[in-house]
Structure formats: C-alpha cells, structure tokens
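Enquirer: Sharing coords08.txt (compact mmCIF, C-alpha atoms and all ligand atoms) below.
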# COMPACT_ATOMS: atom_id res chain seq x y z
CA MET A 22 14.59 15.24 -11.77
CA ASN A 23 16.59 16.66 -8.87
CA ASP A 24 19.27 13.95 -8.98
CA ARG A 25 21.69 15.44 -6.43
CA LEU A 26 21.26 12.48 -4.10
CA LEU A 27 21.97 9.89 -6.81
CA ARG A 28 24.95 11.86 -8.07
CA ALA A 29 26.39 12.22 -4.55
CA ALA A 30 25.90 8.48 -3.96
CA ARG A 31 28.10 7.89 -7.01
CA ARG A 32 30.61 10.58 -5.94
CA GLN A 33 29.80 12.79 -8.94
CA PRO A 34 29.86 16.61 -8.59
CA THR A 35 26.66 18.37 -7.46
CA ASP A 36 25.58 22.03 -7.18
CA THR A 37 25.05 21.62 -3.44
CA THR A 38 24.95 18.86 -0.83
CA PRO A 39 21.80 16.69 -0.98
CA VAL A 40 19.89 16.15 2.24
CA TRP A 41 17.11 13.94 3.62
CA LEU A 42 16.19 12.86 7.13
CA MET A 43 15.75 9.39 8.52
CA ARG A 44 12.12 9.08 9.72
CA GLN A 45 11.30 12.25 7.78
CA ALA A 46 7.68 11.09 7.42
CA GLY A 47 6.55 10.72 11.01
CA ARG A 48 5.02 12.02 14.17
CA TYR A 49 6.92 15.34 14.37
CA LEU A 50 4.77 16.48 11.40
CA PRO A 51 1.23 17.67 12.28
CA GLU A 52 0.05 16.59 8.82
CA TYR A 53 1.29 13.04 9.58
CA ARG A 54 -0.46 13.02 12.97
CA ALA A 55 -3.68 14.16 11.27
CA ILE A 56 -3.67 11.05 9.05
CA ARG A 57 -2.37 8.73 11.80
CA GLY A 58 -5.26 9.89 14.04
CA ASN A 59 -7.69 7.87 11.93
CA ILE A 60 -5.66 4.75 11.15
CA GLY A 61 -3.28 2.32 12.88
CA PHE A 62 0.40 2.36 11.92
CA LEU A 63 0.44 -1.03 10.16
CA ASP A 64 -2.80 -0.27 8.32
CA LEU A 65 -1.24 2.99 7.15
CA CYS A 66 1.79 1.09 5.83
CA LYS A 67 -0.55 -1.27 3.93
CA ASN A 68 -2.67 1.50 2.36
CA PRO A 69 -0.77 2.59 -0.81
CA ASP A 70 -2.71 5.86 -1.23
CA LEU A 71 -2.16 7.05 2.33
CA ALA A 72 1.40 5.67 2.48
CA ALA A 73 2.22 7.65 -0.68
CA GLU A 74 0.59 10.75 0.80
CA VAL A 75 2.68 10.69 4.01
CA THR A 76 5.81 9.85 1.99
CA VAL A 77 5.36 13.10 0.06
CA GLN A 78 4.61 15.29 3.13
CA PRO A 79 8.26 16.05 4.05
CA ILE A 80 9.15 16.83 0.41
CA THR A 81 6.49 19.51 0.35
CA ARG A 82 7.24 20.95 3.79
CA LEU A 83 11.03 20.63 4.05
CA GLY A 84 12.30 20.61 0.46
CA VAL A 85 14.47 17.53 1.04
CA ASP A 86 16.23 15.94 -1.95
CA ALA A 87 14.61 12.48 -1.70
CA ALA A 88 11.48 10.69 -0.53
CA ILE A 89 11.86 7.54 1.57
CA ILE A 90 8.93 5.24 1.09
CA PHE A 91 6.70 5.13 4.18
CA SER A 92 6.84 1.61 5.61
CA ASP A 93 8.73 -0.24 8.33
CA ILE A 94 11.68 -2.62 8.41
CA LEU A 95 9.43 -5.22 10.07
CA ILE A 96 6.86 -5.38 7.22
CA PRO A 97 8.63 -8.21 5.30
CA VAL A 98 9.17 -10.06 8.58
CA GLU A 99 5.43 -10.14 9.21
CA ALA A 100 5.04 -11.56 5.69
CA MET A 101 7.30 -14.48 6.73
CA GLY A 102 4.38 -15.59 8.86
CA ILE A 103 5.02 -14.15 12.31
CA GLU A 104 2.46 -12.01 14.09
CA LEU A 105 3.57 -8.37 14.53
CA GLU A 106 2.05 -5.63 16.65
CA LEU A 107 3.19 -2.02 16.49
CA GLY A 108 1.87 -0.22 19.53
CA ASP A 109 2.89 2.84 21.52
CA LYS A 110 5.83 0.96 23.01
CA GLY A 111 7.28 0.08 19.61
CA PRO A 112 7.33 -3.23 17.76
CA HIS A 113 6.20 -6.40 19.55
CA PHE A 114 6.18 -10.04 18.43
CA PRO A 115 3.76 -11.95 20.72
CA ASN A 116 5.30 -15.26 19.54
CA PRO A 117 9.05 -14.65 19.31
CA VAL A 118 11.38 -16.87 17.26
CA ARG A 119 13.67 -18.82 19.60
CA THR A 120 13.92 -22.49 18.60
CA ALA A 121 14.80 -24.55 15.54
CA ALA A 122 11.08 -25.30 15.11
CA ASP A 123 10.23 -21.56 15.22
CA ILE A 124 12.79 -20.86 12.48
CA GLU A 125 11.63 -23.89 10.47
CA ARG A 126 8.07 -22.52 10.48
CA LEU A 127 9.08 -19.16 8.94
CA GLY A 128 8.24 -18.81 5.28
CA VAL A 129 10.16 -17.10 2.48
CA PRO A 130 7.33 -15.04 1.02
CA ASP A 131 6.85 -14.07 -2.58
CA PRO A 132 7.47 -10.30 -2.34
CA VAL A 133 4.50 -9.25 -4.45
CA GLN A 134 2.08 -11.61 -2.75
CA GLY A 135 3.28 -10.80 0.76
CA THR A 136 4.24 -7.12 0.46
CA GLY A 137 2.93 -5.90 -2.89
CA PHE A 138 1.39 -2.85 -1.17
CA VAL A 139 4.92 -1.46 -0.73
CA ALA A 140 5.51 -1.63 -4.50
CA GLU A 141 2.14 -0.02 -5.12
CA ALA A 142 2.95 2.79 -2.63
CA ILE A 143 6.25 3.42 -4.48
CA ARG A 144 4.45 3.63 -7.84
CA ARG A 145 1.88 6.07 -6.42
CA THR A 146 4.59 8.12 -4.72
CA ARG A 147 6.49 8.48 -7.99
CA ARG A 148 3.32 9.60 -9.72
CA ALA A 149 2.51 12.10 -6.94
CA LEU A 150 6.05 13.49 -7.02
CA ASN A 151 6.01 13.66 -10.80
CA ASP A 152 9.61 12.35 -10.49
CA SER A 153 10.77 15.66 -8.94
CA VAL A 154 13.02 13.79 -6.45
CA PRO A 155 14.14 10.14 -6.28
CA VAL A 156 12.39 7.58 -4.08
CA ILE A 157 14.50 5.65 -1.57
CA GLY A 158 13.54 2.02 -0.98
CA PHE A 159 14.70 0.26 2.17
CA CYS A 160 14.84 -2.84 4.33
CA GLY A 161 16.38 -3.92 7.62
CA ALA A 162 19.52 -6.08 7.77
CA PRO A 163 19.21 -9.69 8.98
CA PHE A 164 20.81 -9.06 12.41
CA THR A 165 18.63 -6.06 13.27
CA LEU A 166 15.47 -7.87 12.15
CA ALA A 167 16.45 -11.07 13.96
CA ALA A 168 17.07 -9.05 17.12
CA TYR A 169 13.41 -7.97 17.10
CA MET A 170 12.17 -11.45 16.17
CA VAL A 171 14.17 -13.27 18.86
CA GLU A 172 13.86 -10.70 21.65
CA GLY A 173 10.15 -10.26 20.86
CA GLY A 174 10.56 -6.48 20.57
CA GLY A 175 13.06 -3.74 21.34
CA SER A 176 15.89 -4.58 23.75
CA LYS A 177 18.57 -2.87 25.81
CA SER A 178 21.00 -5.75 26.28
CA TYR A 179 20.23 -8.09 23.33
CA ILE A 180 20.82 -11.08 25.63
CA LEU A 181 18.54 -13.50 23.77
CA ILE A 182 19.73 -12.83 20.22
CA LYS A 183 23.40 -12.76 21.25
CA ARG A 184 23.12 -15.97 23.29
CA LEU A 185 21.46 -17.66 20.33
CA LEU A 186 24.26 -16.37 18.12
CA PHE A 187 26.96 -17.77 20.39
CA GLU A 188 25.26 -20.96 21.62
CA GLN A 189 23.62 -22.04 18.36
CA PRO A 190 25.45 -20.31 15.51
CA LYS A 191 24.21 -22.81 12.91
CA LEU A 192 20.61 -22.03 13.80
CA VAL A 193 21.27 -18.32 13.48
CA HIS A 194 22.84 -18.82 10.07
CA THR A 195 19.67 -20.69 9.01
CA LEU A 196 17.58 -17.74 10.22
CA PHE A 197 19.82 -15.14 8.51
CA GLU A 198 19.75 -17.23 5.33
CA LYS A 199 15.93 -17.20 5.35
CA LEU A 200 15.89 -13.47 6.03
CA THR A 201 18.34 -12.78 3.20
CA SER A 202 16.27 -14.91 0.81
CA THR A 203 13.24 -12.81 1.78
CA LEU A 204 14.98 -9.41 1.71
CA ILE A 205 16.75 -9.62 -1.67
CA PRO A 206 13.52 -10.17 -3.68
CA TYR A 207 11.82 -7.58 -1.44
CA LEU A 208 14.45 -4.96 -2.36
CA LEU A 209 14.35 -5.92 -6.04
CA MET A 210 10.57 -5.52 -6.01
CA GLN A 211 11.05 -1.97 -4.71
CA VAL A 212 13.60 -1.24 -7.43
CA GLU A 213 11.24 -2.65 -10.05
CA ALA A 214 8.46 -0.39 -8.71
CA GLY A 215 10.64 2.72 -9.04
CA ALA A 216 13.02 3.05 -6.07
CA SER A 217 16.18 4.73 -7.46
CA ILE A 218 18.40 4.00 -4.45
CA VAL A 219 18.12 1.64 -1.49
CA GLN A 220 19.09 1.96 2.18
CA ILE A 221 19.74 -1.09 4.34
CA PHE A 222 19.21 -0.34 8.06
CA ASP A 223 21.41 -2.37 10.40
CA SER A 224 20.35 -0.11 13.22
CA TRP A 225 21.58 -2.33 16.05
CA GLY A 226 24.64 -3.84 14.33
CA GLY A 227 26.89 -1.84 16.65
CA GLU A 228 25.77 -4.16 19.48
CA LEU A 229 28.04 -6.83 18.00
CA SER A 230 31.82 -6.87 18.28
CA PRO A 231 33.62 -6.44 14.95
CA TRP A 232 34.65 -10.13 15.24
CA ASP A 233 31.01 -11.28 15.33
CA TYR A 234 29.86 -8.67 12.85
CA GLU A 235 32.36 -9.96 10.33
CA ARG A 236 31.20 -13.58 10.63
CA PHE A 237 27.47 -13.19 11.17
CA CYS A 238 26.56 -10.05 9.24
CA ILE A 239 29.00 -9.09 6.49
CA PRO A 240 28.39 -12.14 4.23
CA TYR A 241 24.60 -11.53 4.14
CA LEU A 242 24.90 -7.76 3.76
CA THR A 243 27.36 -8.23 0.90
CA ARG A 244 24.92 -10.48 -0.97
CA MET A 245 22.12 -7.94 -0.49
CA VAL A 246 24.27 -5.03 -1.68
CA GLN A 247 25.48 -6.92 -4.76
CA ALA A 248 21.96 -8.05 -5.75
CA VAL A 249 20.72 -4.45 -5.81
CA GLN A 250 23.82 -3.05 -7.49
CA ALA A 251 23.41 -5.68 -10.24
CA LYS A 252 20.27 -3.73 -11.22
CA GLY A 253 22.31 -0.52 -11.55
CA VAL A 254 20.94 0.92 -8.31
CA PRO A 255 23.22 2.34 -5.57
CA VAL A 256 23.03 1.14 -1.96
CA ILE A 257 23.41 2.95 1.37
CA VAL A 258 24.25 0.84 4.43
CA PHE A 259 23.47 2.46 7.78
CA GLY A 260 23.96 1.41 11.39
CA THR A 261 24.53 3.04 14.76
CA GLY A 262 27.50 2.60 17.09
CA MET A 263 29.54 1.21 14.24
CA SER A 264 32.57 3.52 14.16
CA ASN A 265 34.79 0.48 14.64
CA HIS A 266 32.99 -1.57 11.98
CA LEU A 267 33.68 0.82 9.10
CA PRO A 268 36.47 -1.22 7.46
CA LEU A 269 34.09 -4.22 7.53
CA LEU A 270 31.16 -2.25 6.11
CA LYS A 271 33.40 -1.07 3.30
CA ARG A 272 33.91 -4.70 2.31
CA THR A 273 30.19 -5.04 1.47
CA GLY A 274 30.87 -2.80 -1.54
CA ALA A 275 28.09 -0.37 -0.52
CA ASP A 276 28.13 2.92 -2.45
CA VAL A 277 27.37 4.96 0.67
CA ILE A 278 27.97 4.26 4.35
CA GLY A 279 25.71 6.07 6.82
CA GLN A 280 27.26 7.48 10.00
CA ASP A 281 25.66 8.17 13.34
CA TRP A 282 26.72 11.34 15.20
CA ARG A 283 29.36 9.62 17.32
CA THR A 284 31.97 9.50 14.53
CA PRO A 285 33.44 12.76 13.18
CA ILE A 286 32.53 12.44 9.50
CA ASP A 287 36.05 13.37 8.31
CA GLU A 288 37.37 10.53 10.46
CA ALA A 289 34.88 8.13 8.81
CA ARG A 290 36.11 9.33 5.42
CA ARG A 291 39.72 8.79 6.42
CA VAL A 292 38.97 5.19 7.41
CA LEU A 293 36.77 4.46 4.38
CA GLY A 294 38.99 6.06 1.73
CA PRO A 295 37.98 8.06 -1.34
CA ASP A 296 35.95 5.43 -3.20
CA VAL A 297 32.95 5.34 -0.81
CA ALA A 298 30.40 8.11 -0.21
CA VAL A 299 29.31 9.01 3.33
CA GLN A 300 25.94 9.98 4.77
CA GLY A 301 25.17 11.86 7.95
CA ASN A 302 25.61 12.84 10.64
CA LEU A 303 23.93 15.53 12.75
CA ASP A 304 22.81 14.46 16.22
CA PRO A 305 18.97 14.50 16.00
CA LEU A 306 19.00 16.41 19.31
CA HIS A 307 20.98 19.23 17.68
CA LEU A 308 17.68 20.23 16.08
CA PHE A 309 16.80 21.56 19.55
CA LEU A 310 19.78 23.96 19.59
CA PRO A 311 19.24 27.69 19.04
CA ARG A 312 19.22 28.30 15.26
CA GLU A 313 22.63 29.97 15.15
CA GLU A 314 24.33 27.06 16.86
CA LEU A 315 22.42 24.54 14.73
CA GLU A 316 23.72 26.35 11.65
CA GLN A 317 27.30 26.13 12.97
CA ARG A 318 26.92 22.37 13.48
CA VAL A 319 25.63 22.00 9.92
CA VAL A 320 28.56 24.00 8.51
CA ASP A 321 31.03 21.95 10.55
CA ILE A 322 29.71 18.68 9.11
CA LEU A 323 29.68 20.06 5.54
CA ARG A 324 33.31 21.20 5.88
CA ARG A 325 34.48 17.93 7.41
CA ALA A 326 32.70 15.83 4.78
CA GLY A 327 33.71 17.98 1.79
CA PRO A 328 31.73 18.68 -1.37
CA VAL A 329 31.98 15.31 -3.15
CA GLY A 330 30.26 12.06 -2.11
CA HIS A 331 28.41 13.43 0.91
CA ILE A 332 24.68 13.03 1.59
CA PHE A 333 23.63 15.12 4.56
CA ASN A 334 21.34 13.41 7.09
CA LEU A 335 20.79 13.05 10.79
CA GLY A 336 22.84 10.44 12.64
CA HIS A 337 19.59 8.58 13.43
CA GLY A 338 15.83 9.16 13.07
CA ILE A 339 14.22 12.52 13.73
CA LEU A 340 12.44 12.50 17.10
CA PRO A 341 8.71 13.10 17.59
CA PRO A 342 9.08 16.30 19.74
CA THR A 343 11.18 18.04 17.03
CA ASP A 344 9.91 21.37 15.68
CA PRO A 345 9.34 20.93 11.91
CA ASP A 346 10.59 24.52 11.43
CA ALA A 347 13.96 23.50 12.89
CA ALA A 348 14.12 20.64 10.37
CA LYS A 349 13.27 23.07 7.54
CA PHE A 350 15.93 25.49 8.80
CA MET A 351 18.47 22.66 8.76
CA VAL A 352 17.60 21.61 5.20
CA ASP A 353 17.88 25.21 3.96
CA ALA A 354 21.20 25.65 5.80
CA VAL A 355 22.61 22.51 4.14
CA HIS A 356 21.63 23.74 0.67
CA LYS A 357 22.91 27.28 1.27
CA HIS A 358 26.26 26.37 2.86
CA GLY A 359 26.70 23.34 0.60
CA ALA A 360 26.55 25.67 -2.41
CA ALA A 361 28.93 28.17 -0.75
CA LEU A 362 31.41 25.36 -0.01
CA ARG A 363 31.59 24.63 -3.75
CA GLN A 364 32.25 28.24 -4.66
CA GLY A 365 35.40 28.01 -2.53
O1 LIG B 1 12.18 7.24 7.38
C1 LIG B 1 10.99 7.32 7.03
O2 LIG B 1 10.33 8.37 7.09
C2 LIG B 1 10.33 6.10 6.41
C3 LIG B 1 9.60 5.29 7.31
C4 LIG B 1 10.29 4.42 8.34
C5 LIG B 1 9.64 4.04 9.54
N1 LIG B 1 10.42 3.11 10.16
C6 LIG B 1 8.34 4.54 9.98
C7 LIG B 1 7.91 4.36 11.38
C8 LIG B 1 11.52 3.76 8.31
C9 LIG B 1 12.64 3.85 7.29
C10 LIG B 1 11.57 2.92 9.46
C11 LIG B 1 12.69 2.02 9.74
C12 LIG B 1 12.76 1.37 11.06
N2 LIG B 1 11.75 0.82 11.80
C13 LIG B 1 13.96 1.12 11.75
C14 LIG B 1 15.34 1.46 11.25
C15 LIG B 1 15.62 2.90 11.46
C16 LIG B 1 16.07 3.23 12.83
O3 LIG B 1 15.40 4.07 13.44
O4 LIG B 1 17.10 2.71 13.24
C17 LIG B 1 13.65 0.46 12.95
C18 LIG B 1 14.62 0.00 14.01
C19 LIG B 1 12.25 0.25 12.96
C20 LIG B 1 11.43 -0.45 13.98
C21 LIG B 1 10.44 0.46 14.58
N3 LIG B 1 9.29 0.89 13.97
C22 LIG B 1 10.48 1.01 15.87
C23 LIG B 1 11.62 0.81 16.87
C24 LIG B 1 9.32 1.77 16.01
C25 LIG B 1 8.83 2.42 17.25
C26 LIG B 1 9.62 3.61 17.60
C27 LIG B 1 8.89 4.83 17.23
O5 LIG B 1 9.50 5.73 16.66
O6 LIG B 1 7.68 4.87 17.54
C28 LIG B 1 8.61 1.73 14.79
C29 LIG B 1 7.35 2.43 14.45
C30 LIG B 1 7.45 3.46 13.37
N4 LIG B 1 8.06 3.24 12.17
C31 LIG B 1 6.89 4.76 13.36
C32 LIG B 1 7.17 5.32 12.13
C33 LIG B 1 6.74 6.68 11.60
C34 LIG B 1 6.05 5.36 14.45
C35 LIG B 1 4.70 4.76 14.30
C36 LIG B 1 3.55 5.68 14.64
O7 LIG B 1 3.12 6.47 13.78
O8 LIG B 1 3.06 5.55 15.77
When written as structure tokens, how does the structure in this file appear?
Expert:
Amino acid sequence: MNDRLLRAARRQPTDTTPVWLMRQAGRYLPEYRAIRGNIGFLDLCKNPDLAAEVTVQPITRLGVDAAIIFSDILIPVEAMGIELELGDKGPHFPNPVRTAADIERLGVPDPVQGTGFVAEAIRRTRRALNDSVPVIGFCGAPFTLAAYMVEGGGSKSYILIKRLLFEQPKLVHTLFEKLTSTLIPYLLMQVEAGASIVQIFDSWGGELSPWDYERFCIPYLTRMVQAVQAKGVPVIVFGTGMSNHLPLLKRTGADVIGQDWRTPIDEARRVLGPDVAVQGNLDPLHLFLPREELEQRVVDILRRAGPVGHIFNLGHGILPPTDPDAAKFMVDAVHKHGAALRQG
C-alpha cells in the first residue's frame, strides 16, 4: 500500500509529501456529474456500489494518496431521526431542533442499523482500490452538526445555535452528548469496515470564541479523538477560521490538525509544536491561478511546512467550477517538489 499519508500523520519520514483534497469526489469531476445526473445526492450516499465508484474517481484521475469515503457529515444526523433534505441550496432540515422536546426526541442510532451503508461503501471501496491507498473515514463535530440542526440549514450569523448555547447551555450539552454518543460508534464502525485514518470536520468551529470553543467543543472532540486512537487509528481534526483555536485543538490529542488558508502553515507549526502533524493549506481559489503561480504557491507551502508530518491539502473543499486538470497539476507538483525538498 502507498502509506505516505499514514506515515505523515504519525510524523514518520516519507519519500514525498502525501496529498488529498477535501471534497475530491464531487461536482468538479465530469465523471461524478455523469453518475449524479441519474440519482439524488442522498440516494448516492446510500448506494454502496455507486458511493464506492465515486470515491475511487479522484484516485484514478488525480493520483492522490488517499480516498475519502463518499458520504456527508449529516448522514448520521438523519439516522438520529430528523428529516434531512439536500437540495441545490445545500442541506435543509424542515423540522429544526430548537427545544428541549426536540432534543429529547432525537435517537442515538445503532451505527450499523442506521448507517450500515457507509460501512458497506468502505468495504467495497477497499476492494475496488485493492488497498493501493488508504481510505479516510470521517464525521462532523458536534458543534458543526448542531449548527445545521438548530439553524435548519446553512447560516451566515449562527444566531440561533449561539443563542441556544448562551441562553440554555445545559440543553446544548445534552444535544452535544447525544451527538457524541452517536458519532463515536459511527466512527468505530468505519474503522471496523476498513478506514485507516479518520477526519473530524468542525467546519464552522471558528464561529465560536476560543472561550466558548474550550467549554462547549473541546471535551466532546477529545472523547471522539481518544475513542478512535484507542483502535490504533490516527485522527485529523479540521476546522476553518480557527487560527486562534490551535492551542485548544492541540489539547484534543489529535495526530493531525488541518489548517485553512488563512494561517501560514509554518506559523501553525510554531504554535502547535513538533509533536503534531499539520494538513493543508492551499486556498481552493488558487487552483484558478496560472499554472506557474499555482506551482509557486505549492512550493511555498511545502517549504513552510517542511518534509516531516505534513499532509498537503486545500484549506477547504474544492469548488465545483474548478478545472480537474488544475487539481491534477497541483497533485503532481506536490509530489515532485515534495521529493525535491527531501533531497535537500
Ligand atoms: O470530501 C469528499 O470528497 C467526501 C465527501 C464529502 C461530502 N461532504 C460530499 C458532498 C465530505 C467529506 C463532506 C463533508 C461535509 N458536508 C462538510 C464538511 C466539509 C466542509 O466543506 O467544511 C459539510 C459542512 C457538509 C454539509 C454539506 N453537504 C453542504 C454545506 C453541502 C452543500 C454545499 C455543496 O457543496 O453543494 C453538502 C452537499 C455535498 N456533500 C455535495 C457533496 C459532493 C454536493 C452534493 C451534490 O452532488 O449536489
């Protein structure tokens, strides 16, 4: 197996820097759009054959060093018994969770019963890949998931979730407790099915002040990280707008901390110290730069991050209008300059 990614996550030496892209299976790929043309997004997530097929697409086309299982962070939330729609405007919960009774009604699903199709998709992906690259499992963090559940969908200001947090903290802890009790078995199911590393997305965690992040998020994240690590599997924690939360994220004990493009990656390293690996952090819009300039940005990140304990990635998901050839160019540039960096 190409185990560069797993070695980098553990800060072991590698021949070059491993690279994958958040949202690497998605609408920027014509072969994804061809499949998506005949099936809704949620139905695609729940069809293990097709989910495995789109998971493998970016490995074939881009030559990335890992496959991330095709699914969505909201899949286990739906299994808690709340209706989810995923339309053109993003996720939508027609009956948002806002009261004690709403939270009371949520179930803690058995992962195999509620979301066994994810495990099946992982098994089929591993077979299809013939174990050439590792499979990344994932889930959302309680705050990011709760933000969708309480707001009823995406949000700009996060007024409802933050008011709930401040006005009824006990209720929010009950909700986060239920989410954590759902997410830990969900992650362990993915590990059992063959995920060799796990990423926890706290995409909107940067909306909270460090003070609130410490009290409302870190305890739950820490439990999730430890539960996965107890199985011998490394964990990546990722969020956006979290440059000032890095010392807190380090406390979770995560093996790797993902960076968005706002933090110079050498600065992140300086704050985190030598015993944590970093992931990132090209601005997804840099894929629209002329090739020469894109290459310079790649080299700059590789130099800043150094050769040990760095997983190259975008600072957030790849965007639908991106040219797949630009993504391929970026992956090749990482491998080429990553190898050169090691030869001194
Ligand atoms: O990275 C991958 O290739 C694996 C698949 C994956 C998807 N969503 C597929 C998807 C992963 C890891 C996610 C995680 C996810 N989902 C996050 C965290 C990552 C991040 O971007 O911060 C979040 C916040 C969500 C919630 C979500 N799902 C949103 C906001 C949207 C709509 C926005 C959009 O891009 O359309 C989705 C839908 C979604 N999830 C799509 C894909 C490929 C697009 C669905 C389609 O095909 O129409």
Enquirer: What gap, in Å, lies between atom CA of Ala326 of chain A and atom CA of Thr261 of chain A?
Expert: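 Separation between atom CA of Ala326 of chain A and atom CA of Thr261 of chain A: 18.2 Å.
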Enquirer: Taking into account all atoms listed in the file, which residue in the set A:Ala360, A:Val352, A:Ala142, A:Leu127 is nearest to Glu74 of chain A?
Expert: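 The closest residue to Glu74 of chain A is A:Ala142.
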Enquirer: Need the shell around segment 183-193 of chain A: protein/DNA/RNA residues with any atom at most 10 Å away, counting only C-alpha atoms. Skip same-chain ones fewer than 5 positions apart. Format as a list in words?
Expert: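 With the cut-off at 10 Å, the set is Arg119, Thr120, Ala121, Ile124, Glu125, Pro163, Phe164, Ala167, Ala168, Val171, Glu172, Ser178, Glu198, Lys199, Glu228, Leu229, Asp233 and Phe237 of chain A.
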Enquirer: So what do you get for atom CA of Asp346 of chain A versus atom CA of Ile278 of chain A, distance-wise?
Expert: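 For atom CA of Asp346 of chain A relative to atom CA of Ile278 of chain A, the distance reads 27.6 Å.
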Enquirer: Which centre and edge lengths in Å to one decimal define the box along x, y and z that fits every listed atom of ligand LIG 1 (chain B) plus 4 Å per side, as AutoDock Vina command-line options?
Expert:
--center_x 10.1 --center_y 4.0 --center_z 12.0 --size_x 22.0 --size_y 16.8 --size_z 19.2
Enquirer: Atom CA of Asn23 of chain A and atom CA of Gln280 of chain A are how many Å apart?
Expert: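 Pair atom CA of Asn23 of chain A / atom CA of Gln280 of chain A returns 23.5 Å.
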Enquirer: Please give me, as a PyMOL selection string, the residues lying within 6 Å of ligand LIG 1 (chain B) when counting all atoms listed in the file.
Expert: chain A and resi 43-48+62+89-94+111-112+222+224+338
Enquirer: For Leu166 of chain A, please output as a PyMOL selection string all residues within 12 Å (counting all atoms listed in the file; exclusion window: fewer than 2 positions along the same chain).
Expert: chain A and resi 93-99+101+112-114+117-118+160-164+168-175+182+196-197+199-201+203-204+221-226+238
Enquirer: Counting only C-alpha atoms, what is within 12 Å of Ala100 of chain A, bar same-chain residues fewer than 6 positions away, as a PyMOL selection string?
Expert: chain A and resi 67+94+127-139+200+203-204+207
